[in-house]
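Shown below: input-v3.cif, with mmCIF, C-alpha atoms.
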```cif
data_input
loop_
_atom_site.group_PDB
_atom_site.id
_atom_site.type_symbol
_atom_site.label_atom_id
_atom_site.label_comp_id
_atom_site.auth_asym_id
_atom_site.auth_seq_id
_atom_site.Cartn_x
_atom_site.Cartn_y
_atom_site.Cartn_z
ATOM 1 C CA MET A 27 0.000 0.000 0.000
ATOM 2 C CA SER A 28 1.413 3.366 -0.968
ATOM 3 C CA ILE A 29 0.353 6.793 0.189
ATOM 4 C CA ASN A 30 0.421 9.704 -2.202
ATOM 5 C CA ILE A 31 1.161 13.021 -0.576
ATOM 6 C CA VAL A 32 -0.103 16.029 -2.413
ATOM 7 C CA GLU A 33 1.688 19.303 -1.723
ATOM 8 C CA LEU A 34 -0.754 22.191 -1.474
ATOM 9 C CA PRO A 35 0.261 25.688 -2.576
ATOM 10 C CA SER A 36 1.705 27.521 0.415
ATOM 11 C CA ASP A 37 -1.002 30.209 0.499
ATOM 12 C CA THR A 38 -3.787 27.673 1.149
ATOM 13 C CA HIS A 39 -2.471 26.650 4.536
ATOM 14 C CA SER A 40 -0.592 29.727 5.684
ATOM 15 C CA PRO A 41 -2.015 31.748 8.562
ATOM 16 C CA SER A 42 -4.012 34.830 7.719
ATOM 17 C CA ASN A 43 -2.220 38.163 7.572
ATOM 18 C CA ILE A 44 -5.204 39.833 9.207
ATOM 19 C CA THR A 45 -4.426 40.986 12.730
ATOM 20 C CA CYS A 46 -5.665 43.658 15.113
ATOM 21 C CA SER A 47 -2.490 45.645 14.413
ATOM 22 C CA ASN A 48 -3.377 46.081 10.705
ATOM 23 C CA CYS A 49 -7.133 46.431 11.172
ATOM 24 C CA ARG A 50 -8.807 49.622 10.066
ATOM 25 C CA ALA A 51 -12.035 48.773 11.904
ATOM 26 C CA CYS A 52 -14.136 48.542 8.735
ATOM 27 C CA CYS A 53 -16.590 46.322 10.616
ATOM 28 C CA CYS A 54 -17.208 49.278 12.935
ATOM 29 C CA ARG A 55 -19.036 51.001 10.091
ATOM 30 C CA LEU A 56 -21.702 48.282 9.940
ATOM 31 C CA GLU A 57 -25.076 48.672 11.636
ATOM 32 C CA VAL A 58 -25.024 46.765 14.919
ATOM 33 C CA MET A 59 -28.314 45.557 16.347
ATOM 34 C CA LEU A 60 -28.405 45.084 20.099
ATOM 35 C CA ILE A 61 -29.870 41.630 20.647
ATOM 36 C CA THR A 62 -28.790 40.986 24.230
ATOM 37 C CA ASP A 63 -27.890 43.224 27.148
ATOM 38 C CA THR A 64 -24.112 43.390 27.504
ATOM 39 C CA GLY A 65 -23.957 46.685 29.367
ATOM 40 C CA VAL A 66 -23.595 49.056 26.404
ATOM 41 C CA PRO A 67 -23.915 52.584 27.863
ATOM 42 C CA LYS A 68 -27.298 54.168 27.092
ATOM 43 C CA GLU A 69 -25.666 57.193 25.409
ATOM 44 C CA LEU A 70 -24.311 54.830 22.716
ATOM 45 C CA ILE A 71 -27.731 53.328 21.890
ATOM 46 C CA GLU A 72 -30.212 54.583 19.285
ATOM 47 C CA LYS A 73 -33.543 53.290 17.998
ATOM 48 C CA ASP A 74 -33.822 52.214 14.365
ATOM 49 C CA GLN A 75 -36.859 52.988 12.199
ATOM 50 C CA TRP A 76 -38.637 49.893 13.535
ATOM 51 C CA GLY A 77 -37.948 50.663 17.201
ATOM 52 C CA GLY A 78 -35.096 48.203 17.640
ATOM 53 C CA GLU A 79 -31.984 49.170 19.549
ATOM 54 C CA ILE A 80 -28.786 49.695 17.561
ATOM 55 C CA MET A 81 -25.346 51.090 18.306
ATOM 56 C CA LYS A 82 -25.191 54.829 17.742
ATOM 57 C CA ARG A 83 -23.104 55.923 14.769
ATOM 58 C CA LEU A 84 -21.611 59.357 14.345
ATOM 59 C CA ASP A 85 -21.878 61.548 11.251
ATOM 60 C CA ASP A 86 -18.875 59.753 9.694
ATOM 61 C CA GLY A 87 -20.851 56.479 9.773
ATOM 62 C CA TRP A 88 -18.567 54.808 12.324
ATOM 63 C CA CYS A 89 -19.730 53.323 15.599
ATOM 64 C CA ALA A 90 -19.754 55.934 18.363
ATOM 65 C CA ALA A 91 -17.799 53.549 20.626
ATOM 66 C CA VAL A 92 -14.725 53.513 18.361
ATOM 67 C CA ASP A 93 -11.846 55.770 19.363
ATOM 68 C CA ARG A 94 -11.019 57.538 16.085
ATOM 69 C CA ASP A 95 -7.310 57.894 16.962
ATOM 70 C CA THR A 96 -6.578 54.291 17.943
ATOM 71 C CA LEU A 97 -9.483 52.523 16.139
ATOM 72 C CA MET A 98 -9.998 50.580 19.367
ATOM 73 C CA CYS A 99 -13.388 49.909 20.937
ATOM 74 C CA THR A 100 -13.888 52.078 24.014
ATOM 75 C CA ILE A 101 -16.438 49.630 25.482
ATOM 76 C CA TYR A 102 -14.669 46.398 24.540
ATOM 77 C CA GLU A 103 -15.674 44.530 27.717
ATOM 78 C CA ASN A 104 -19.312 45.601 27.180
ATOM 79 C CA ARG A 105 -19.417 45.371 23.391
ATOM 80 C CA PRO A 106 -22.574 43.992 21.755
ATOM 81 C CA TRP A 107 -23.029 40.288 21.095
ATOM 82 C CA ILE A 108 -22.704 40.778 17.313
ATOM 83 C CA CYS A 109 -19.324 42.452 17.804
ATOM 84 C CA ARG A 110 -18.201 39.516 19.959
ATOM 85 C CA GLU A 111 -19.195 37.089 17.203
ATOM 86 C CA PHE A 112 -17.458 39.052 14.414
ATOM 87 C CA GLU A 113 -14.059 37.407 14.819
ATOM 88 C CA MET A 114 -10.767 38.703 13.516
ATOM 89 C CA ALA A 115 -9.818 37.014 10.214
ATOM 90 C CA SER A 116 -13.185 35.250 9.943
ATOM 91 C CA TYR A 117 -14.911 34.977 6.575
ATOM 92 C CA GLU A 118 -17.064 37.995 7.445
ATOM 93 C CA CYS A 119 -14.004 40.004 8.468
ATOM 94 C CA GLU A 120 -12.149 39.148 5.265
ATOM 95 C CA THR A 121 -15.230 40.014 3.185
ATOM 96 C CA GLU A 122 -15.609 43.429 4.841
ATOM 97 C CA ARG A 123 -11.906 44.160 4.402
ATOM 98 C CA LYS A 124 -12.055 43.229 0.710
ATOM 99 C CA ASP A 125 -15.223 45.274 0.203
ATOM 100 C CA ASN A 126 -13.394 48.227 1.764
ATOM 101 C CA GLU A 127 -10.158 47.520 -0.152
ATOM 102 C CA ILE A 128 -8.229 46.596 2.996
ATOM 103 C CA ASP A 129 -6.259 43.458 2.148
ATOM 104 C CA PRO A 130 -2.805 42.990 3.678
ATOM 105 C CA ARG A 131 -1.829 40.136 1.368
#
```
Please lay out the structure from this file as structure tokens.
Amino acid sequence: MSINIVELPSDTHSPSNITCSNCRACCCRLEVMLITDTGVPKELIEKDQWGGEIMKRLDDGWCAAVDRDTLMCTIYENRPWICREFEMASYECETERKDNEIDPR
């Protein structure tokens, strides 16, 4: 019995080049619905046209909780459930980065 080993191109099994240090927080421009209570401060919550709670966004379209100088979340420990599920280098993250022309590769 022989085993054939197929060598895959190196880019198919290399780790992603997406990290927090090269993130431009493009996901922080998405509308974030508040589904569960995580302790988001009331001043960062708005109502959408249907009465649902969403994260407040400023005139630039970015989440009000994002520090514009560091691009870090100012309420990280209390961030909404959706933000907790939007993982770095996930498919959704890569899609948003490509849609916003942010691709470190």
Picked residues, the PyMOL selection byres ((chain A and resi 97-114) around 8), as number ranges by chain: A: 44-46, 50-51, 58-66, 91-96, 115-116, 118-119
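Nearest residue to Cys89 of chain A among A:Pro67, A:Glu72, A:Arg55, A:Tyr117 is A:Arg55, counting all atoms listed in the file.
Distance-wise, atom CA of Ile71 of chain A and atom CA of Leu84 of chain A end up 11.4 Å apart.
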Atomic separation - atom CA of Glu57 of chain A relative to atom CA of Gln75 of chain A, Å: 12.6 Å
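Rounded to one decimal, atom CA of Gly78 of chain A and atom CA of Cys49 of chain A lie 28.8 Å from each other.
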Report, as AutoDock Vina command-line options, the centre and edge lengths in Å (one decimal) of the axis-aligned box enclosing every listed atom of segment 67-78 of chain A, padded by 4 Å on each side.
```
--center_x -31.3 --center_y 52.7 --center_z 20.0 --size_x 22.7 --size_y 17.0 --size_z 23.7
```
Contacts of Leu56 of chain A at 9 Å (all atoms listed in the file; same-chain gap of 2+ positions) as an MDAnalysis selection string: chainID A and resid 52:54 58 87:89
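Remark: for Lys68 of chain A, the closest of the candidate residues A:Ala90, A:Glu120, A:Asn126, A:Asp85 is A:Ala90 (distances computed over only C-alpha atoms).
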